[in-house]
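> So that you have it, the file is coords_31.txt, and it contains compact mmCIF, C-alpha atoms and all ligand atoms:
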# COMPACT_ATOMS: atom_id res chain seq x y z
CA MET A 749 -20.93 -15.37 -5.74
CA ASN A 750 -20.69 -12.90 -8.62
CA GLU A 751 -17.49 -12.02 -10.48
CA MET A 752 -17.15 -8.61 -8.83
CA ILE A 753 -17.26 -10.12 -5.33
CA LYS A 754 -14.76 -12.79 -6.36
CA LYS A 755 -12.36 -10.08 -7.50
CA GLN A 756 -12.87 -8.07 -4.31
CA LEU A 757 -12.25 -11.11 -2.13
CA ASN A 758 -9.10 -11.73 -4.11
CA HIS A 759 -7.76 -8.21 -3.55
CA ARG A 760 -4.07 -7.75 -3.03
CA SER A 761 -1.88 -4.72 -3.62
CA ILE A 762 0.30 -4.95 -6.72
CA ARG A 763 3.70 -3.27 -6.70
CA GLN A 764 5.23 -4.59 -9.89
CA PHE A 765 3.63 -3.95 -13.24
CA LYS A 766 4.08 -5.28 -16.77
CA ASP A 767 5.57 -2.86 -19.25
CA LYS A 768 2.22 -2.58 -20.94
CA ASP A 769 0.03 0.49 -21.32
CA ILE A 770 -3.55 0.59 -20.19
CA PRO A 771 -5.77 1.05 -23.28
CA ASP A 772 -7.47 4.45 -23.46
CA GLU A 773 -10.95 2.96 -23.30
CA VAL A 774 -10.05 1.06 -20.13
CA PHE A 775 -8.67 4.22 -18.56
CA ASP A 776 -11.78 6.16 -19.62
CA THR A 777 -13.93 3.56 -17.89
CA LEU A 778 -11.96 3.97 -14.67
CA ILE A 779 -12.48 7.71 -14.80
CA LYS A 780 -16.22 7.32 -15.48
CA VAL A 781 -16.40 5.16 -12.36
CA ALA A 782 -14.64 7.89 -10.40
CA GLN A 783 -17.11 10.43 -11.78
CA ARG A 784 -20.10 8.28 -10.80
CA THR A 785 -18.90 7.68 -7.23
CA ALA A 786 -21.11 8.98 -4.42
CA THR A 787 -20.17 12.46 -3.30
CA SER A 788 -20.99 14.28 -0.08
CA VAL A 789 -24.11 16.45 -0.56
CA GLY A 790 -23.48 16.20 -4.30
CA MET A 791 -20.69 18.79 -4.09
CA GLN A 792 -18.14 16.77 -6.14
CA GLN A 793 -15.26 18.07 -4.07
CA SER A 794 -12.55 15.81 -5.39
CA SER A 795 -10.30 15.87 -8.43
CA ILE A 796 -7.77 13.55 -9.97
CA ILE A 797 -4.36 14.39 -11.35
CA LYS A 798 -3.07 11.87 -13.87
CA VAL A 799 0.71 12.05 -13.74
CA THR A 800 2.17 11.34 -17.16
CA ASP A 801 5.39 13.38 -17.03
CA SER A 802 8.13 10.87 -16.27
CA ASN A 803 10.26 13.38 -14.36
CA LEU A 804 7.29 14.31 -12.21
CA LYS A 805 6.64 10.61 -11.60
CA LYS A 806 10.23 10.23 -10.44
CA GLU A 807 9.90 13.20 -8.10
CA ILE A 808 6.74 11.72 -6.61
CA ALA A 809 8.42 8.31 -6.33
CA ARG A 810 11.20 10.02 -4.40
CA VAL A 811 8.70 11.49 -1.92
CA CYS A 812 7.08 8.06 -1.61
CA ASN A 813 10.49 6.44 -1.30
CA GLN A 814 9.08 3.68 -3.53
CA GLN A 815 10.59 3.05 -6.98
CA TYR A 816 7.48 1.22 -8.23
CA VAL A 817 5.66 4.55 -8.18
CA ALA A 818 7.90 5.77 -11.03
CA ASP A 819 7.41 2.49 -12.94
CA ALA A 820 3.61 2.42 -12.73
CA PRO A 821 1.94 2.70 -16.15
CA VAL A 822 -0.72 4.94 -14.63
CA LEU A 823 -0.24 7.14 -11.60
CA LEU A 824 -3.23 9.03 -10.22
CA ILE A 825 -3.29 11.46 -7.33
CA PHE A 826 -6.72 11.97 -5.78
CA ILE A 827 -7.21 15.48 -4.49
CA ALA A 828 -9.60 16.71 -1.81
CA ASP A 829 -10.74 19.77 -3.69
CA LEU A 830 -12.67 22.73 -2.32
CA TYR A 831 -10.92 25.21 -4.59
CA ARG A 832 -13.36 24.71 -7.47
CA ASN A 833 -16.44 25.35 -5.36
CA TYR A 834 -14.73 28.27 -3.63
CA GLN A 835 -14.17 29.81 -7.07
CA ILE A 836 -17.73 29.05 -8.19
CA ALA A 837 -18.97 31.04 -5.18
CA LEU A 838 -16.37 33.78 -5.75
CA GLU A 839 -17.46 34.24 -9.35
CA GLN A 840 -20.93 34.85 -7.96
CA GLY A 841 -19.55 37.60 -5.72
CA HIS A 842 -19.09 35.60 -2.49
CA ASP A 843 -15.69 35.12 -0.89
CA MET A 844 -16.64 32.03 1.11
CA LYS A 845 -13.85 31.37 3.60
CA SER A 846 -15.99 28.49 4.86
CA ALA A 847 -14.40 26.52 1.99
CA GLY A 848 -11.56 26.03 4.47
CA ASP A 849 -13.71 24.56 7.27
CA MET A 850 -12.53 21.21 8.54
CA ASP A 851 -15.93 19.54 8.14
CA LYS A 852 -15.78 20.47 4.46
CA PHE A 853 -12.21 19.22 4.30
CA PHE A 854 -13.34 15.83 5.64
CA ALA A 855 -16.22 15.69 3.17
CA ALA A 856 -13.82 16.41 0.30
CA TYR A 857 -11.24 13.97 1.64
CA THR A 858 -13.89 11.26 1.90
CA ASP A 859 -15.06 11.98 -1.66
CA ALA A 860 -11.51 11.59 -2.93
CA ILE A 861 -10.93 8.34 -1.06
CA LEU A 862 -14.24 6.82 -2.16
CA ALA A 863 -13.48 7.67 -5.78
CA ALA A 864 -10.06 6.06 -5.41
CA GLN A 865 -11.47 2.84 -3.95
CA ASN A 866 -14.14 2.71 -6.64
CA VAL A 867 -11.40 2.99 -9.26
CA VAL A 868 -9.55 0.14 -7.53
CA ASN A 869 -12.63 -2.08 -7.69
CA ALA A 870 -13.19 -1.24 -11.35
CA ALA A 871 -9.52 -1.76 -12.19
CA GLU A 872 -9.40 -5.14 -10.46
CA SER A 873 -12.59 -6.18 -12.25
CA MET A 874 -10.68 -5.59 -15.50
CA ASP A 875 -7.67 -7.64 -14.32
CA LEU A 876 -5.56 -4.62 -13.53
CA GLY A 877 -3.53 -4.37 -10.34
CA THR A 878 -3.30 -1.35 -8.06
CA VAL A 879 -1.57 -0.03 -5.02
CA PHE A 880 -2.63 2.93 -2.93
CA LEU A 881 0.10 5.43 -2.11
CA GLY A 882 -0.39 7.02 1.27
CA SER A 883 3.36 7.60 1.04
CA ILE A 884 2.70 10.78 -0.97
CA LEU A 885 2.09 12.22 2.50
CA ASN A 886 5.71 11.57 3.50
CA ASP A 887 6.15 15.12 2.31
CA PRO A 888 2.74 16.64 1.52
CA ARG A 889 4.23 20.11 1.03
CA GLN A 890 6.47 18.80 -1.73
CA ILE A 891 3.51 17.06 -3.41
CA CYS A 892 1.49 20.30 -3.24
CA GLN A 893 4.37 22.13 -4.90
CA LEU A 894 5.00 19.49 -7.55
CA LEU A 895 1.32 19.37 -8.53
CA GLU A 896 0.82 23.12 -8.11
CA LEU A 897 -2.10 22.56 -5.79
CA PRO A 898 -3.94 25.81 -4.99
CA LYS A 899 -5.42 26.72 -1.59
CA TYR A 900 -8.38 24.64 -0.44
CA THR A 901 -6.94 21.50 -2.01
CA PHE A 902 -4.98 18.64 -0.49
CA PRO A 903 -3.53 15.41 -1.92
CA ALA A 904 -5.59 12.65 -0.31
CA ILE A 905 -4.04 9.53 -1.80
CA GLY A 906 -2.03 8.26 -4.73
CA LEU A 907 -2.92 5.21 -6.80
CA ALA A 908 -0.63 3.25 -9.10
CA ILE A 909 -2.36 1.10 -11.71
CA GLY A 910 -1.10 -1.39 -14.26
CA TYR A 911 -1.17 -4.99 -15.40
CA PRO A 912 0.22 -7.15 -12.56
CA ASP A 913 3.65 -8.63 -12.99
CA GLN A 914 3.61 -10.45 -9.67
CA GLU A 915 1.26 -12.65 -7.73
CA PRO A 916 1.51 -11.87 -4.03
CA GLN A 917 -0.10 -14.08 -1.42
CA LEU A 918 -3.36 -12.80 -0.01
CA LYS A 919 -2.38 -10.76 3.03
CA PRO A 920 -4.07 -12.02 6.21
CA ARG A 921 -6.78 -10.02 7.92
CA MET A 922 -7.92 -10.35 11.53
CA ASP A 923 -11.22 -12.02 12.23
CA MET A 924 -14.17 -9.71 11.68
CA SER A 925 -15.53 -10.57 15.13
CA LEU A 926 -12.94 -8.03 16.28
CA ARG A 927 -14.12 -5.41 13.81
CA LEU A 928 -17.85 -5.93 13.34
CA PHE A 929 -20.04 -4.93 16.27
CA GLU A 930 -23.76 -4.79 16.79
CA ASN A 931 -25.39 -1.55 17.92
CA LYS A 932 -22.49 -0.40 20.05
CA TYR A 933 -18.73 -0.53 20.18
CA LYS A 934 -17.40 -3.73 21.67
CA LYS A 935 -14.25 -3.68 23.80
CA PHE A 936 -12.28 -6.86 24.46
CA ASP A 937 -10.46 -7.70 27.68
CA ASN A 938 -7.32 -9.00 26.05
CA TYR A 939 -6.60 -8.00 22.48
CA LEU A 940 -3.29 -9.85 22.31
CA GLU A 941 -5.14 -13.04 23.13
CA GLU A 942 -7.87 -12.27 20.59
CA ILE A 943 -5.40 -11.67 17.78
CA LYS A 944 -3.18 -14.66 18.55
CA ASP A 945 -4.24 -16.51 15.41
CA HIS A 946 -3.86 -13.41 13.31
CA ASP A 947 -0.37 -12.88 14.72
CA ARG A 948 0.52 -16.42 13.69
CA GLU A 949 -0.95 -16.03 10.21
CA MET A 950 0.91 -12.78 9.66
CA GLU A 951 4.19 -14.40 10.63
CA ALA A 952 3.60 -16.97 7.91
CA TYR A 953 2.97 -14.28 5.27
CA TYR A 954 5.80 -13.39 2.92
CA ASP A 955 5.59 -9.87 1.57
CA LEU A 956 7.09 -9.71 -1.93
CA ARG A 957 8.82 -6.49 -0.90
CA SER A 958 11.13 -8.59 1.29
CA PRO A 959 10.57 -12.19 0.19
CA ASP A 960 13.47 -13.60 2.19
CA LYS A 961 11.76 -13.15 5.53
CA PRO A 962 8.16 -13.33 6.71
CA LEU A 963 6.44 -10.32 8.22
CA LYS A 964 6.49 -9.61 11.93
CA LYS A 965 3.54 -10.53 14.08
CA PHE A 966 0.64 -8.11 13.62
CA SER A 967 0.91 -6.98 17.24
CA LEU A 968 4.55 -5.99 16.68
CA GLN A 969 3.71 -4.21 13.42
CA VAL A 970 1.14 -2.18 15.36
CA LEU A 971 3.75 -1.21 17.89
CA ASP A 972 6.28 -0.24 15.22
CA ARG A 973 3.75 1.98 13.49
CA LEU A 974 2.67 3.75 16.64
CA ILE A 975 6.26 4.30 17.77
CA GLU A 976 7.11 5.91 14.42
CA ALA A 977 5.23 9.16 15.31
CA PRO A 978 4.49 9.91 11.63
CA GLN A 979 2.57 13.13 12.29
CA GLU A 980 5.64 14.87 13.62
CA LYS A 981 7.80 13.56 10.82
CA ARG A 982 5.44 14.14 7.94
CA GLN A 983 3.86 17.45 8.89
CA VAL A 984 0.51 16.48 7.38
CA ILE A 985 -1.59 18.67 9.66
CA LYS A 986 0.74 21.64 9.15
CA CYS A 987 0.41 21.25 5.39
CA ILE A 988 -3.40 20.99 5.56
CA GLU A 989 -3.30 24.33 7.36
CA GLU A 990 -0.93 25.83 4.80
CA GLN A 991 -3.38 24.84 2.09
CA GLY A 992 -5.90 27.21 3.63
CA PHE A 993 -7.90 24.91 5.89
CA HIS A 994 -8.77 26.09 9.41
CA ILE A 995 -7.55 23.50 11.88
CA GLU A 996 -8.93 25.37 14.91
C1 LIG B 1 -4.65 4.49 2.91
C2 LIG B 1 -3.67 3.48 2.36
C3 LIG B 1 -2.38 3.89 2.07
C4 LIG B 1 -1.46 2.98 1.55
N1 LIG B 1 -0.22 3.41 1.21
C5 LIG B 1 0.66 2.56 0.65
C6 LIG B 1 1.93 3.02 0.21
O1 LIG B 1 2.28 4.18 0.32
N2 LIG B 1 2.77 2.12 -0.37
C7 LIG B 1 2.43 0.82 -0.53
O2 LIG B 1 3.25 0.07 -1.07
N3 LIG B 1 1.23 0.34 -0.13
C8 LIG B 1 0.34 1.19 0.43
N4 LIG B 1 -0.90 0.75 0.82
C9 LIG B 1 -1.25 -0.65 0.63
C10 LIG B 1 -1.26 -1.40 1.96
O3 LIG B 1 0.07 -1.58 2.39
C11 LIG B 1 -1.97 -2.73 1.76
O4 LIG B 1 -3.31 -2.50 1.37
C12 LIG B 1 -1.97 -3.56 3.04
O5 LIG B 1 -0.67 -3.90 3.42
C13 LIG B 1 -2.78 -4.83 2.84
O6 LIG B 1 -2.26 -5.57 1.77
P1 LIG B 1 -3.17 -5.99 0.52
O7 LIG B 1 -3.72 -4.72 -0.07
O8 LIG B 1 -2.24 -6.69 -0.43
O9 LIG B 1 -4.24 -6.86 1.04
C14 LIG B 1 -1.84 1.63 1.33
C15 LIG B 1 -3.15 1.24 1.62
C16 LIG B 1 -4.05 2.14 2.11
C17 LIG B 1 -5.47 1.71 2.39
Using structure tokens, write down the structure that the file contains.
Ligand SMILES: Cc1cc2nc3c(=O)[nH]c(=O)nc-3n(C[C@H](O)[C@H](O)[C@H](O)COP(=O)(O)O)c2cc1C

Amino acid sequence: MNEMIKKQLNHRSIRQFKDKDIPDEVFDTLIKVAQRTATSVGMQQSSIIKVTDSNLKKEIARVCNQQYVADAPVLLIFIADLYRNYQIALEQGHDMKSAGDMDKFFAAYTDAILAAQNVVNAAESMDLGTVFLGSILNDPRQICQLLELPKYTFPAIGLAIGYPDQEPQLKPRMDMSLRLFENKYKKFDNYLEEIKDHDREMEAYYDLRSPDKPLKKFSLQVLDRLIEAPQEKRQVIKCIEEQGFHIE
């Protein structure tokens, strides 16, 4: 097993960082990895905003409702970005409204997410810790305003990076027999039965965010998340539309 795989199999999200800056050359390497990431039809429809302004970090942390966002030595926001290519076409005399098509949105969104995960792998290979921040979408409109995102852009995900100041347990995952299928999708007759072991493992996992009590069973976590109705609360789709994308 090579070192990269060892690091990947040891992945855990880090939410507490040492008060230590990431050297410029290390950061530059992370950005080169983002640049080199595969990109849908070569269109390079993602961008990264490095948030260095401490007030802006605090504002974003407020949206995320997570203090560790403000404390992260490096905070990156990965943007699905069709604005640049829209402008490139416009400067050639073509007002291409197709920049707002949903299939293009998904291509750009995927580009942004792949770049983010590639940065995570690179960061972990250099003993840095990371945590994704989907919580920027608690209030996507506010994030768009804070980062002055133009039309045809959307904040896909945040990423906090720094030297780990905690060592969480590896968080359990369900058996891949439930997630890896051959040739066609496989349905199971009784999922609760299938995930019984995973439920038990999860109950024995202590999240450092609330170390005094173990997590709920996975099956109950699933229920909680689905009951939450986040779409209504967070207005993600509405905001995608406001950013110029055509939902219909
Ligand atoms: C799309 C995505 C969004 C996430 N958003 C957040 C977040 O907003 N805050 C946070 O603390 N962790 C976030 N995470 C981290 C997950 O909570 C974490 O990956 C998961 O609980 C598994 O734990 P592990 O990464 O330690 O294995 C996110 C992960 C992903 C993939």
> At a cut-off of 6 Å and counting only C-alpha atoms and all ligand atoms, what residues surround ligand LIG 1 (chain B)? Please answer as a VMD selection string.
chain A and resid 759 to 761 879 to 883 919
> May I have the residues from that selection written out with C-alpha atoms, as a JSON list (two decimals), keeping the file's coordinate frame?

[["chain", "number", "residue", "atom", "x", "y", "z"],
["A", 759, "HIS", "CA", -7.76, -8.21, -3.55],
["A", 760, "ARG", "CA", -4.07, -7.75, -3.03],
["A", 761, "SER", "CA", -1.88, -4.72, -3.62],
["A", 879, "VAL", "CA", -1.57, -0.03, -5.02],
["A", 880, "PHE", "CA", -2.63, 2.93, -2.93],
["A", 881, "LEU", "CA", 0.10, 5.43, -2.11],
["A", 882, "GLY", "CA", -0.39, 7.02, 1.27],
["A", 883, "SER", "CA", 3.36, 7.60, 1.04],
["A", 919, "LYS", "CA", -2.38, -10.76, 3.03]]
> I'd like the neighbourhood of Glu915 of chain A as JSON, numbers by chain, where a residue qualifies if any of its atoms comes within 10 Å (using only C-alpha atoms), though same-chain residues fewer than 2 positions away should be ignored.
{"A": [760, 761, 762, 763, 764, 877, 912, 913, 917, 918, 956]}
> Looking at all atoms listed in the file, which of A:Lys766, A:Arg957, A:Lys852, A:Arg889 is the one that sits closest to Ile995 of chain A?
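The closest residue to Ile995 of chain A is A:Lys852.
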> Hey, which of A:Lys944, A:Lys798, A:Lys899, A:Lys806 ends up closest to Arg832 of chain A? Count only C-alpha atoms.
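Of all the options, A:Lys899 lies closest to Arg832 of chain A.
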> Would you pick out the contacts of Asp887 of chain A at 8 Å or less, using all atoms listed in the file, so that residues sharing its chain but fewer than 5 positions from it are not included, and give the list as a ChimeraX atom specification?
/A:811,982-984
> Export C-alpha atoms of the chosen residues as a tab-separated table (two decimals), keeping the file's coordinate frame?

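The resulting file, out.tsv, is shown below:
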chain	number	residue	atom	x	y	z
A	811	VAL	CA	8.70	11.49	-1.92
A	982	ARG	CA	5.44	14.14	7.94
A	983	GLN	CA	3.86	17.45	8.89
A	984	VAL	CA	0.51	16.48	7.38
> Just to confirm, what's the straight-line distance from atom CA of Leu804 of chain A to atom CA of Asn833 of chain A in Å (one decimal)?
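Going from atom CA of Leu804 of chain A over to atom CA of Asn833 of chain A, I get 27.1 Å.
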> Show me, as a list in words, the residues that have an atom within 9 Å of Gln783 of chain A when counting all atoms listed in the file, minus same-chain residues fewer than 3 positions from it.
Leu778, Ile779, Lys780, Ala786, Gln792 and Ala863 of chain A
> Got a sec: who's within 9 Å of Cys892 of chain A, counting only C-alpha atoms, leaving out chain neighbours fewer than 2 positions off, as a list in words?
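Within the cut-off, the hits are Asp887, Pro888, Arg889, Gln890, Leu894, Leu895, Glu896, Leu897, Pro898, Thr901, Phe902, Pro903, Cys987 and Gln991 of chain A.
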> Could you pull the residues within 7 Å of Met950 of chain A, counting only C-alpha atoms, minus those fewer than 6 positions along the same chain, as a PyMOL selection string?
chain A and resi 920+963-966
> Can you write out the residues you just picked, keeping C-alpha atoms, as a tab-separated table (two decimals), keeping the file's coordinate frame?

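Printed below is again08.tsv as written:
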chain	number	residue	atom	x	y	z
A	920	PRO	CA	-4.07	-12.02	6.21
A	963	LEU	CA	6.44	-10.32	8.22
A	964	LYS	CA	6.49	-9.61	11.93
A	965	LYS	CA	3.54	-10.53	14.08
A	966	PHE	CA	0.64	-8.11	13.62
> What does the distance from atom CA of Gly841 of chain A to atom CA of Ser788 of chain A come to in Å, to one decimal?
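Straight-line distance from atom CA of Gly841 of chain A to atom CA of Ser788 of chain A works out to 24.0 Å.
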> Which of these residues is nearest to Met874 of chain A, using all atoms listed in the file: A:Leu838, A:Met791, A:Ile909, A:Ala818?
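Using all atoms listed in the file, Met874 of chain A sits closest to A:Ile909.
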> Could you jot down the atom CA of His994 of chain A to atom CA of Tyr857 of chain A separation for me, Å, one decimal place?
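So the answer is 14.6 Å.
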> So which residues fall inside 12 Å of (-8.4, -13.1, 8.3) if we count only C-alpha atoms? Mind giving them as a list of chain:residue names?
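Every residue inside that radius is included here: A:Leu757, A:Leu918, A:Lys919, A:Pro920, A:Arg921, A:Met922, A:Asp923, A:Met924, A:Ser925, A:Leu926, A:Arg927, A:Ile943, A:Lys944, A:Asp945, A:His946, A:Asp947, A:Arg948, A:Glu949, A:Met950, A:Tyr953, A:Phe966.
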> Nearest residue to Val817 of chain A out of A:Ala860, A:Gln756, A:Ile884, A:Asp772, using all atoms listed in the file?
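Answer, going by the shortest atom-to-atom distance: A:Ile884.
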> With distances taken over all atoms listed in the file, which of A:Ile988, A:Thr858, A:Ser873, A:Lys768 is nearest to Asn750 of chain A?
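The closest residue to Asn750 of chain A is A:Ser873.
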> What would the list of residues within 10 Å of (-17.5, 27.9, 1.8) (file frame) look like as JSON, numbers by chain, if all atoms listed in the file are what count?
{"A": [830, 831, 833, 834, 835, 837, 838, 842, 843, 844, 845, 846, 847, 848, 849, 852, 900]}
> With only C-alpha atoms as the atoms that count, which of A:Thr785, A:Asn803, A:Ser958, A:Asn813 lies nearest to Val867 of chain A?
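So, comparing all the options, the nearest one is A:Thr785.
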> Rebuild segment 841-870 of chain A to N, CA and C atoms - output it as a PDB file, in the frame of the given file, please.

ATOM      1  N   GLY A 841     -19.685  36.444  -6.598  1.00  0.00           N
ATOM      2  CA  GLY A 841     -19.550  37.600  -5.720  1.00  0.00           C
ATOM      3  C   GLY A 841     -19.425  37.262  -4.248  1.00  0.00           C
ATOM      4  N   HIS A 842     -19.177  35.979  -3.911  1.00  0.00           N
ATOM      5  CA  HIS A 842     -19.090  35.600  -2.490  1.00  0.00           C
ATOM      6  C   HIS A 842     -17.737  34.973  -2.185  1.00  0.00           C
ATOM      7  N   ASP A 843     -17.000  35.629  -1.306  1.00  0.00           N
ATOM      8  CA  ASP A 843     -15.690  35.120  -0.890  1.00  0.00           C
ATOM      9  C   ASP A 843     -15.922  34.207   0.315  1.00  0.00           C
ATOM     10  N   MET A 844     -16.188  32.950   0.055  1.00  0.00           N
ATOM     11  CA  MET A 844     -16.640  32.030   1.110  1.00  0.00           C
ATOM     12  C   MET A 844     -15.452  31.337   1.781  1.00  0.00           C
ATOM     13  N   LYS A 845     -14.981  31.947   2.858  1.00  0.00           N
ATOM     14  CA  LYS A 845     -13.850  31.370   3.600  1.00  0.00           C
ATOM     15  C   LYS A 845     -14.240  30.018   4.219  1.00  0.00           C
ATOM     16  N   SER A 846     -15.537  29.775   4.287  1.00  0.00           N
ATOM     17  CA  SER A 846     -15.990  28.490   4.860  1.00  0.00           C
ATOM     18  C   SER A 846     -15.512  27.307   4.003  1.00  0.00           C
ATOM     19  N   ALA A 847     -14.993  27.596   2.799  1.00  0.00           N
ATOM     20  CA  ALA A 847     -14.400  26.520   1.990  1.00  0.00           C
ATOM     21  C   ALA A 847     -13.240  25.863   2.730  1.00  0.00           C
ATOM     22  N   GLY A 848     -12.683  26.582   3.720  1.00  0.00           N
ATOM     23  CA  GLY A 848     -11.560  26.030   4.470  1.00  0.00           C
ATOM     24  C   GLY A 848     -11.962  25.360   5.776  1.00  0.00           C
ATOM     25  N   ASP A 849     -13.265  25.209   6.017  1.00  0.00           N
ATOM     26  CA  ASP A 849     -13.710  24.560   7.270  1.00  0.00           C
ATOM     27  C   ASP A 849     -13.320  23.074   7.276  1.00  0.00           C
ATOM     28  N   MET A 850     -12.983  22.597   8.457  1.00  0.00           N
ATOM     29  CA  MET A 850     -12.530  21.210   8.540  1.00  0.00           C
ATOM     30  C   MET A 850     -13.626  20.204   8.191  1.00  0.00           C
ATOM     31  N   ASP A 851     -14.896  20.528   8.495  1.00  0.00           N
ATOM     32  CA  ASP A 851     -15.930  19.540   8.140  1.00  0.00           C
ATOM     33  C   ASP A 851     -16.023  19.422   6.616  1.00  0.00           C
ATOM     34  N   LYS A 852     -15.778  20.529   5.924  1.00  0.00           N
ATOM     35  CA  LYS A 852     -15.780  20.470   4.460  1.00  0.00           C
ATOM     36  C   LYS A 852     -14.548  19.716   3.954  1.00  0.00           C
ATOM     37  N   PHE A 853     -13.421  19.959   4.663  1.00  0.00           N
ATOM     38  CA  PHE A 853     -12.210  19.220   4.300  1.00  0.00           C
ATOM     39  C   PHE A 853     -12.483  17.707   4.378  1.00  0.00           C
ATOM     40  N   PHE A 854     -13.098  17.278   5.482  1.00  0.00           N
ATOM     41  CA  PHE A 854     -13.340  15.830   5.640  1.00  0.00           C
ATOM     42  C   PHE A 854     -14.306  15.301   4.584  1.00  0.00           C
ATOM     43  N   ALA A 855     -15.289  16.122   4.220  1.00  0.00           N
ATOM     44  CA  ALA A 855     -16.220  15.690   3.170  1.00  0.00           C
ATOM     45  C   ALA A 855     -15.458  15.514   1.855  1.00  0.00           C
ATOM     46  N   ALA A 856     -14.582  16.475   1.548  1.00  0.00           N
ATOM     47  CA  ALA A 856     -13.820  16.410   0.300  1.00  0.00           C
ATOM     48  C   ALA A 856     -12.831  15.242   0.327  1.00  0.00           C
ATOM     49  N   TYR A 857     -12.214  15.061   1.484  1.00  0.00           N
ATOM     50  CA  TYR A 857     -11.240  13.970   1.640  1.00  0.00           C
ATOM     51  C   TYR A 857     -11.952  12.618   1.439  1.00  0.00           C
ATOM     52  N   THR A 858     -13.122  12.511   2.039  1.00  0.00           N
ATOM     53  CA  THR A 858     -13.890  11.260   1.900  1.00  0.00           C
ATOM     54  C   THR A 858     -14.270  11.041   0.437  1.00  0.00           C
ATOM     55  N   ASP A 859     -14.732  12.095  -0.224  1.00  0.00           N
ATOM     56  CA  ASP A 859     -15.060  11.980  -1.660  1.00  0.00           C
ATOM     57  C   ASP A 859     -13.874  11.426  -2.450  1.00  0.00           C
ATOM     58  N   ALA A 860     -12.703  11.998  -2.181  1.00  0.00           N
ATOM     59  CA  ALA A 860     -11.510  11.590  -2.930  1.00  0.00           C
ATOM     60  C   ALA A 860     -11.179  10.120  -2.677  1.00  0.00           C
ATOM     61  N   ILE A 861     -11.291   9.720  -1.416  1.00  0.00           N
ATOM     62  CA  ILE A 861     -10.930   8.340  -1.060  1.00  0.00           C
ATOM     63  C   ILE A 861     -11.951   7.343  -1.646  1.00  0.00           C
ATOM     64  N   LEU A 862     -13.221   7.724  -1.598  1.00  0.00           N
ATOM     65  CA  LEU A 862     -14.240   6.820  -2.160  1.00  0.00           C
ATOM     66  C   LEU A 862     -14.033   6.652  -3.661  1.00  0.00           C
ATOM     67  N   ALA A 863     -13.729   7.753  -4.334  1.00  0.00           N
ATOM     68  CA  ALA A 863     -13.480   7.670  -5.780  1.00  0.00           C
ATOM     69  C   ALA A 863     -12.299   6.745  -6.052  1.00  0.00           C
ATOM     70  N   ALA A 864     -11.264   6.887  -5.225  1.00  0.00           N
ATOM     71  CA  ALA A 864     -10.060   6.060  -5.410  1.00  0.00           C
ATOM     72  C   ALA A 864     -10.392   4.576  -5.225  1.00  0.00           C
ATOM     73  N   GLN A 865     -11.147   4.253  -4.183  1.00  0.00           N
ATOM     74  CA  GLN A 865     -11.470   2.840  -3.950  1.00  0.00           C
ATOM     75  C   GLN A 865     -12.376   2.298  -5.052  1.00  0.00           C
ATOM     76  N   ASN A 866     -13.276   3.152  -5.541  1.00  0.00           N
ATOM     77  CA  ASN A 866     -14.140   2.710  -6.640  1.00  0.00           C
ATOM     78  C   ASN A 866     -13.312   2.403  -7.885  1.00  0.00           C
ATOM     79  N   VAL A 867     -12.298   3.231  -8.118  1.00  0.00           N
ATOM     80  CA  VAL A 867     -11.400   2.990  -9.260  1.00  0.00           C
ATOM     81  C   VAL A 867     -10.649   1.668  -9.061  1.00  0.00           C
ATOM     82  N   VAL A 868     -10.243   1.412  -7.823  1.00  0.00           N
ATOM     83  CA  VAL A 868      -9.550   0.140  -7.530  1.00  0.00           C
ATOM     84  C   VAL A 868     -10.467  -1.039  -7.875  1.00  0.00           C
ATOM     85  N   ASN A 869     -11.708  -0.964  -7.419  1.00  0.00           N
ATOM     86  CA  ASN A 869     -12.630  -2.080  -7.690  1.00  0.00           C
ATOM     87  C   ASN A 869     -12.811  -2.279  -9.192  1.00  0.00           C
ATOM     88  N   ALA A 870     -12.982  -1.153  -9.896  1.00  0.00           N
ATOM     89  CA  ALA A 870     -13.190  -1.240 -11.350  1.00  0.00           C
ATOM     90  C   ALA A 870     -11.936  -1.793 -12.022  1.00  0.00           C
TER      91      ALA A 870
END
